[in-house]
file final_18.txt (compact mmCIF, C-alpha atoms and all ligand atoms)
# COMPACT_ATOMS: atom_id res chain seq x y z
CA MET V 1391 139.60 60.55 137.73
CA LYS V 1392 136.07 61.17 139.01
CA GLN V 1393 134.83 64.05 136.88
CA VAL V 1394 135.81 65.29 133.44
CA CYS V 1395 134.84 68.67 132.05
CA VAL V 1396 133.93 68.64 128.37
CA TYR V 1397 134.03 71.75 126.21
CA CYS V 1398 132.30 71.35 122.86
CA GLY V 1399 130.09 72.95 120.25
CA SER V 1400 126.61 74.23 121.00
CA ASN V 1401 126.10 73.29 117.33
CA PRO V 1402 126.46 69.75 115.99
CA GLY V 1403 128.85 70.58 113.14
CA VAL V 1404 128.49 69.30 109.60
CA LEU V 1405 130.12 65.87 109.78
CA PRO V 1406 128.24 62.95 111.37
CA GLN V 1407 131.60 61.91 112.89
CA TYR V 1408 131.38 64.86 115.31
CA ARG V 1409 128.08 63.65 116.76
CA GLN V 1410 129.38 60.10 116.83
CA ALA V 1411 132.50 61.16 118.72
CA ALA V 1412 130.43 63.08 121.28
CA ALA V 1413 128.15 60.06 121.76
CA ASP V 1414 131.13 57.69 122.04
CA LEU V 1415 132.74 59.92 124.65
CA GLY V 1416 129.49 60.13 126.64
CA ASN V 1417 129.12 56.34 126.55
CA ALA V 1418 132.73 55.85 127.65
CA LEU V 1419 132.33 58.31 130.54
CA ALA V 1420 129.22 56.53 131.78
CA ALA V 1421 130.79 53.08 131.39
CA GLN V 1422 133.82 54.17 133.44
CA LYS V 1423 131.62 55.95 136.02
CA ILE V 1424 133.29 59.26 135.32
CA GLY V 1425 130.94 62.20 135.84
CA LEU V 1426 130.46 64.78 133.10
CA VAL V 1427 130.82 68.47 133.91
CA TYR V 1428 129.84 70.79 131.08
CA GLY V 1429 128.01 73.96 130.10
CA GLY V 1430 124.52 72.55 130.73
CA TYR V 1431 123.01 73.00 127.25
CA GLY V 1432 120.81 70.34 125.61
CA GLU V 1433 121.56 71.02 121.92
CA GLY V 1434 124.48 70.52 119.54
CA LEU V 1435 127.43 68.38 120.61
CA MET V 1436 126.77 69.53 124.18
CA GLY V 1437 123.37 67.85 123.98
CA VAL V 1438 124.80 64.72 122.36
CA VAL V 1439 127.52 64.12 124.95
CA SER V 1440 125.28 64.84 127.94
CA GLY V 1441 122.42 62.82 126.42
CA ALA V 1442 124.68 59.82 125.95
CA VAL V 1443 125.92 59.94 129.55
CA LEU V 1444 122.37 60.26 130.90
CA ALA V 1445 121.03 57.49 128.66
CA LYS V 1446 123.57 55.12 130.19
CA GLY V 1447 122.71 56.18 133.75
CA GLY V 1448 125.84 58.27 134.25
CA SER V 1449 126.27 61.49 136.18
CA VAL V 1450 125.91 64.89 134.50
CA CYS V 1451 126.49 68.27 136.07
CA GLY V 1452 125.79 71.37 134.00
CA VAL V 1453 127.10 74.77 135.04
CA THR V 1454 125.24 77.74 133.63
CA PRO V 1455 125.37 81.51 134.09
CA ARG V 1456 122.14 82.75 135.65
CA GLY V 1457 119.80 84.42 133.16
CA LEU V 1458 122.00 84.02 130.06
CA PHE V 1459 120.86 80.66 128.64
CA GLY V 1460 117.41 79.16 129.24
CA ASP V 1461 115.30 79.41 132.37
CA GLY V 1462 117.71 77.88 134.87
CA LYS V 1463 115.98 74.49 134.66
CA PRO V 1464 117.95 71.40 133.64
CA HIS V 1465 117.12 70.10 130.14
CA ALA V 1466 116.83 66.59 131.55
CA PRO V 1467 115.32 65.56 134.90
CA ASN V 1468 118.19 63.26 135.84
CA MET V 1469 120.94 65.85 135.66
CA GLN V 1470 122.22 68.45 138.08
CA LEU V 1471 122.30 72.12 137.02
CA ILE V 1472 124.40 74.60 138.97
CA GLU V 1473 123.65 78.26 138.37
CA VAL V 1474 126.45 80.77 138.82
CA GLU V 1475 126.72 84.55 138.56
CA ASP V 1476 128.32 84.96 135.13
CA MET V 1477 130.48 83.38 132.41
CA HIS V 1478 133.67 83.93 134.41
CA ALA V 1479 132.26 82.19 137.47
CA ARG V 1480 131.04 79.41 135.22
CA LYS V 1481 134.49 78.63 133.81
CA GLN V 1482 136.02 78.76 137.24
CA LYS V 1483 133.35 76.43 138.64
CA MET V 1484 133.77 73.94 135.79
CA MET V 1485 137.53 74.00 136.33
CA GLN V 1486 137.11 73.46 140.06
CA LEU V 1487 134.77 70.50 139.66
CA ALA V 1488 136.80 68.59 137.07
CA ASP V 1489 139.88 66.40 137.39
CA ALA V 1490 140.65 66.70 133.68
CA PHE V 1491 139.37 68.50 130.57
CA ILE V 1492 138.44 67.44 127.08
CA ALA V 1493 137.72 69.69 124.12
CA LEU V 1494 135.65 68.29 121.28
CA PRO V 1495 135.06 70.12 118.02
CA GLY V 1496 133.27 73.41 118.55
CA GLY V 1497 133.31 77.12 117.88
CA VAL V 1498 134.79 80.16 119.60
CA GLY V 1499 133.02 79.34 122.87
CA THR V 1500 134.84 76.01 122.93
CA TYR V 1501 138.16 77.63 121.98
CA GLU V 1502 137.77 80.27 124.66
CA GLU V 1503 137.17 77.64 127.36
CA LEU V 1504 139.99 75.45 126.08
CA PHE V 1505 142.48 78.31 125.92
CA GLU V 1506 141.68 79.67 129.35
CA THR V 1507 142.14 76.20 130.81
CA PHE V 1508 145.37 75.73 128.83
CA SER V 1509 146.75 79.11 129.79
CA TRP V 1510 145.89 78.64 133.48
CA ALA V 1511 147.75 75.32 133.38
CA GLN V 1512 150.75 77.09 131.89
CA LEU V 1513 150.62 79.62 134.72
CA GLY V 1514 150.61 76.78 137.25
CA LEU V 1515 147.10 77.60 138.50
CA HIS V 1516 146.17 73.95 138.07
CA GLN V 1517 147.89 70.70 137.19
CA LYS V 1518 144.93 68.99 135.57
CA PRO V 1519 145.46 67.34 132.19
CA ILE V 1520 143.81 68.64 129.03
CA GLY V 1521 142.84 66.50 126.06
CA LEU V 1522 141.73 67.23 122.53
CA LEU V 1523 139.45 64.74 120.86
CA ASN V 1524 140.72 65.28 117.36
CA THR V 1525 137.78 63.83 115.45
CA ALA V 1526 138.27 63.86 111.66
CA GLY V 1527 141.38 65.99 112.21
CA PHE V 1528 139.22 68.92 113.36
CA PHE V 1529 141.98 70.37 115.54
CA ASP V 1530 144.81 69.93 113.01
CA PRO V 1531 144.82 73.62 111.96
CA LEU V 1532 144.83 74.67 115.63
CA LEU V 1533 147.74 72.31 116.35
CA THR V 1534 149.62 73.75 113.36
CA MET V 1535 149.14 77.22 114.84
CA LEU V 1536 150.35 76.04 118.25
CA HIS V 1537 153.45 74.44 116.72
CA HIS V 1538 154.06 77.70 114.85
CA THR V 1539 153.72 79.52 118.19
CA THR V 1540 156.44 77.37 119.79
CA GLU V 1541 158.69 77.66 116.72
CA GLN V 1542 158.38 81.43 116.89
CA GLY V 1543 159.41 81.43 120.54
CA PHE V 1544 156.12 82.37 122.16
CA MET V 1545 155.50 79.07 123.92
CA GLY V 1546 157.74 76.27 125.18
CA GLN V 1547 157.58 72.71 123.81
CA GLN V 1548 156.80 71.59 127.34
CA ALA V 1549 153.65 73.71 127.41
CA LEU V 1550 152.51 72.27 124.10
CA GLY V 1551 153.16 68.78 125.46
CA ARG V 1552 150.43 69.41 128.04
CA LEU V 1553 147.78 68.86 125.38
CA LEU V 1554 146.97 65.19 124.93
CA VAL V 1555 145.67 64.69 121.41
CA PHE V 1556 143.81 61.52 120.39
CA ASP V 1557 140.98 60.71 118.02
CA GLU V 1558 139.60 57.82 120.05
CA PRO V 1559 137.65 58.66 123.26
CA GLN V 1560 138.65 55.52 125.22
CA LEU V 1561 142.32 56.09 124.53
CA LEU V 1562 142.07 59.76 125.41
CA LEU V 1563 140.35 58.95 128.73
CA GLN V 1564 143.02 56.36 129.49
CA GLN V 1565 145.83 58.86 128.90
CA LEU V 1566 144.10 61.58 130.90
CA ALA V 1567 143.62 59.21 133.83
CA VAL V 1568 147.34 58.45 133.87
CA ALA V 1569 148.14 62.17 133.77
CA VAL V 1570 145.81 63.25 136.61
CA PRO V 1571 148.04 64.38 139.49
CA THR V 1572 147.64 62.47 142.73
CA ILE V 1573 148.86 65.39 144.80
CA GLN V 1574 147.25 68.81 144.81
CA LEU V 1575 149.43 71.91 144.89
CA PRO V 1576 148.69 74.49 147.59
CA GLY V 1577 146.34 77.10 146.16
CA GLU V 1578 145.38 74.91 143.22
CA ILE V 1579 141.89 75.35 141.82
CA HIS V 1580 140.06 72.29 143.02
CA GLN V 1581 136.86 72.08 144.96
CA ARG V 1582 133.79 69.88 144.82
CA GLY V 1583 130.19 70.85 145.41
P1 LIG V 1601 130.57 77.16 120.77
O1 LIG V 1601 131.79 76.30 120.67
O2 LIG V 1601 130.84 78.57 120.29
O3 LIG V 1601 129.34 76.56 120.25
O4 LIG V 1601 130.37 77.35 122.33
C1 LIG V 1601 130.30 76.22 123.12
C2 LIG V 1601 130.78 76.51 124.50
O5 LIG V 1601 130.30 77.80 124.94
C3 LIG V 1601 130.22 75.45 125.40
O6 LIG V 1601 131.26 74.62 125.93
C4 LIG V 1601 129.43 76.23 126.44
O7 LIG V 1601 130.07 76.23 127.68
C5 LIG V 1601 129.28 77.65 125.91
N1 LIG V 1601 127.97 77.87 125.25
C6 LIG V 1601 127.78 78.36 124.02
N2 LIG V 1601 126.46 78.42 123.71
C7 LIG V 1601 125.80 77.97 124.77
C8 LIG V 1601 124.41 77.77 125.09
N3 LIG V 1601 123.42 78.07 124.24
N4 LIG V 1601 124.10 77.27 126.29
C9 LIG V 1601 125.06 76.97 127.16
N5 LIG V 1601 126.37 77.13 126.93
C10 LIG V 1601 126.75 77.61 125.75
call {"tool": "encode", "arguments": {"input": "final_18.txt", "output": "structure tokens"}}
result
Amino acid sequence: MKQVCVYCGSNPGVLPQYRQAAADLGNALAAQKIGLVYGGYGEGLMGVVSGAVLAKGGSVCGVTPRGLFGDGKPHAPNMQLIEVEDMHARKQKMMQLADAFIALPGGVGTYEELFETFSWAQLGLHQKPIGLLNTAGFFDPLLTMLHHTTEQGFMGQQALGRLLVFDEPQLLLQQLAVAVPTIQLPGEIHQRG
């Protein structure tokens, strides 16, 4: 597992545990020499996770839609910022660059990225594992809704089993690494650079 894409809040959230979890994840990524791919922003949990990786000398690649956020310049000198055409291209690029995905607490932007990644996995467009860092039980209501969805016959148990849910970053990274496929399917979304 060389690069992990993190989806998380552009806000920090109210509990200090959210910031702590983002910092812990950033530290763990840097310590394991796993590059961070994310939305490129320097505030909120996005800023915390990227800041932690950079502070430990790790690799950070932000992907941002041209003209929508900021001036196209990276918020830190030691990170890479890739500009793409729009929000669609951005999600596709982040998915291409990463070997696995992690969602941290966040808002609708985070949900949208998580669900597109989840739904594309269900469609067989990629085989990359997806993790939820369930800090302070943040995702419990979402998991309840997903269980309800399977119970009501709109999603298989197998699909739900694709989501790896842990509240400890090290453990989540460990489980994602085990789940990363060693073989790529023809036509699978995966490309570096
Ligand atoms: P939210 O969870 O609604 O705060 O949105 C966070 C997600 O949407 C992130 O993973 C980003 O990819 C994207 N996003 C939202 N706001 C921004 C921003 N100001 N700059 C860059 N990306 C953002």
call {"tool": "residues_near_point", "arguments": {"input": "final_18.txt", "point": "(119.6, 65.3, 136.7)", "cutoff": "10 Å", "atoms": "only C-alpha atoms", "output": "PyMOL selection string"}}
result
chain V and resi 1444+1448-1452+1464-1471
call {"tool": "write_last_selection", "arguments": {"input": "final_18.txt", "atoms": "C-alpha atoms", "output": "CSV table (one decimal), in the frame of the given file"}}
result
chain,number,residue,atom,x,y,z
V,1444,LEU,CA,122.4,60.3,130.9
V,1448,GLY,CA,125.8,58.3,134.2
V,1449,SER,CA,126.3,61.5,136.2
V,1450,VAL,CA,125.9,64.9,134.5
V,1451,CYS,CA,126.5,68.3,136.1
V,1452,GLY,CA,125.8,71.4,134.0
V,1464,PRO,CA,118.0,71.4,133.6
V,1465,HIS,CA,117.1,70.1,130.1
V,1466,ALA,CA,116.8,66.6,131.6
V,1467,PRO,CA,115.3,65.6,134.9
V,1468,ASN,CA,118.2,63.3,135.8
V,1469,MET,CA,120.9,65.8,135.7
V,1470,GLN,CA,122.2,68.4,138.1
V,1471,LEU,CA,122.3,72.1,137.0
call {"tool": "residues_near_ligand", "arguments": {"input": "final_18.txt", "ligand": "ligand LIG 1601 (chain V)", "cutoff": "6 Å", "atoms": "only C-alpha atoms and all ligand atoms", "output": "number ranges by chain"}}
result
V: 1397-1401, 1429-1431, 1459, 1496-1500
call {"tool": "write_last_selection", "arguments": {"input": "final_18.txt", "atoms": "C-alpha atoms", "output": "mmCIF file, in the coordinates of the input"}}
result
data_model
loop_
_atom_site.group_PDB
_atom_site.id
_atom_site.type_symbol
_atom_site.label_atom_id
_atom_site.label_comp_id
_atom_site.auth_asym_id
_atom_site.auth_seq_id
_atom_site.Cartn_x
_atom_site.Cartn_y
_atom_site.Cartn_z
ATOM 1 C CA TYR V 1397 134.030 71.750 126.210
ATOM 2 C CA CYS V 1398 132.300 71.350 122.860
ATOM 3 C CA GLY V 1399 130.090 72.950 120.250
ATOM 4 C CA SER V 1400 126.610 74.230 121.000
ATOM 5 C CA ASN V 1401 126.100 73.290 117.330
ATOM 6 C CA GLY V 1429 128.010 73.960 130.100
ATOM 7 C CA GLY V 1430 124.520 72.550 130.730
ATOM 8 C CA TYR V 1431 123.010 73.000 127.250
ATOM 9 C CA PHE V 1459 120.860 80.660 128.640
ATOM 10 C CA GLY V 1496 133.270 73.410 118.550
ATOM 11 C CA GLY V 1497 133.310 77.120 117.880
ATOM 12 C CA VAL V 1498 134.790 80.160 119.600
ATOM 13 C CA GLY V 1499 133.020 79.340 122.870
ATOM 14 C CA THR V 1500 134.840 76.010 122.930
#
call {"tool": "closest_residue", "arguments": {"input": "final_18.txt", "among": "V:Gln1517, V:Gln1565, V:Thr1534, V:Gln1560", "to": "Leu1419 of chain V", "atoms": "only C-alpha atoms"}}
result
V:Gln1560
call {"tool": "atom_distance", "arguments": {"input": "final_18.txt", "atom1": "atom CA of Val1570 of chain V", "atom2": "atom CA of Ala1490 of chain V"}}
result
6.9 Å
call {"tool": "atom_distance", "arguments": {"input": "final_18.txt", "atom1": "atom CA of Pro1495 of chain V", "atom2": "atom CA of Asp1530 of chain V"}}
result
11.0 Å
call {"tool": "residues_around", "arguments": {"input": "final_18.txt", "residues": "Ser1440 of chain V", "least_positions_apart": "3", "cutoff": "8 Å", "atoms": "all atoms listed in the file", "output": "CSV table (one decimal) with C-alpha atoms, in the coordinates of the input"}}
result
chain,number,residue,atom,x,y,z
V,1416,GLY,CA,129.5,60.1,126.6
V,1426,LEU,CA,130.5,64.8,133.1
V,1432,GLY,CA,120.8,70.3,125.6
V,1436,MET,CA,126.8,69.5,124.2
V,1437,GLY,CA,123.4,67.8,124.0
V,1443,VAL,CA,125.9,59.9,129.6
V,1444,LEU,CA,122.4,60.3,130.9
V,1450,VAL,CA,125.9,64.9,134.5
call {"tool": "closest_residue", "arguments": {"input": "final_18.txt", "among": "V:Leu1563, V:Gln1407, V:Phe1529, V:Ala1511", "to": "Val1394 of chain V", "atoms": "only C-alpha atoms"}}
result
V:Leu1563
call {"tool": "closest_residue", "arguments": {"input": "final_18.txt", "among": "V:Gln1482, V:Thr1454, V:Gln1422, V:Asn1417", "to": "Leu1515 of chain V", "atoms": "all atoms listed in the file"}}
result
V:Gln1482
call {"tool": "closest_residue", "arguments": {"input": "final_18.txt", "among": "V:His1538, V:Arg1409, V:Arg1552, V:Lys1423", "to": "Ala1526 of chain V", "atoms": "only C-alpha atoms"}}
result
V:Arg1409
call {"tool": "closest_residue", "arguments": {"input": "final_18.txt", "among": "V:Val1453, V:Glu1433, V:Leu1561, V:Lys1518", "to": "Asp1489 of chain V", "atoms": "all atoms listed in the file"}}
result
V:Lys1518
call {"tool": "atom_distance", "arguments": {"input": "final_18.txt", "atom1": "atom CA of Leu1415 of chain V", "atom2": "atom CA of Phe1508 of chain V"}}
result
20.7 Å
call {"tool": "closest_residue", "arguments": {"input": "final_18.txt", "among": "V:Gln1512, V:Gln1548, V:Gln1542, V:Asn1524", "to": "Ile1492 of chain V", "atoms": "all atoms listed in the file"}}
result
V:Asn1524
call {"tool": "residues_around", "arguments": {"input": "final_18.txt", "residues": "Ala1411 of chain V", "least_positions_apart": "5", "cutoff": "12 Å", "atoms": "all atoms listed in the file", "output": "VMD selection string"}}
result
chain V and resid 1398 1402 to 1403 1405 to 1406 1416 to 1418 1435 to 1436 1438 to 1439 1442 1493 to 1495 1522 to 1526 1528 1556 to 1560 1562
call {"tool": "residues_around", "arguments": {"input": "final_18.txt", "residues": "Lys1483 of chain V", "least_positions_apart": "4", "cutoff": "12 Å", "atoms": "all atoms listed in the file", "output": "short mmCIF file (atom, residue, chain, number, x, y, z; two decimals) with C-alpha atoms, in the coordinates of the input"}}
result
data_model
loop_
_atom_site.label_atom_id
_atom_site.label_comp_id
_atom_site.auth_asym_id
_atom_site.auth_seq_id
_atom_site.Cartn_x
_atom_site.Cartn_y
_atom_site.Cartn_z
CA CYS V 1395 134.84 68.67 132.05
CA VAL V 1427 130.82 68.47 133.91
CA TYR V 1428 129.84 70.79 131.08
CA GLY V 1429 128.01 73.96 130.10
CA CYS V 1451 126.49 68.27 136.07
CA GLY V 1452 125.79 71.37 134.00
CA VAL V 1453 127.10 74.77 135.04
CA THR V 1454 125.24 77.74 133.63
CA PRO V 1455 125.37 81.51 134.09
CA LEU V 1471 122.30 72.12 137.02
CA ILE V 1472 124.40 74.60 138.97
CA GLU V 1473 123.65 78.26 138.37
CA VAL V 1474 126.45 80.77 138.82
CA GLU V 1475 126.72 84.55 138.56
CA ASP V 1476 128.32 84.96 135.13
CA MET V 1477 130.48 83.38 132.41
CA HIS V 1478 133.67 83.93 134.41
CA ALA V 1479 132.26 82.19 137.47
CA LEU V 1487 134.77 70.50 139.66
CA ALA V 1488 136.80 68.59 137.07
CA GLU V 1503 137.17 77.64 127.36
CA THR V 1507 142.14 76.20 130.81
CA ILE V 1579 141.89 75.35 141.82
CA HIS V 1580 140.06 72.29 143.02
CA GLN V 1581 136.86 72.08 144.96
CA ARG V 1582 133.79 69.88 144.82
CA GLY V 1583 130.19 70.85 145.41
#
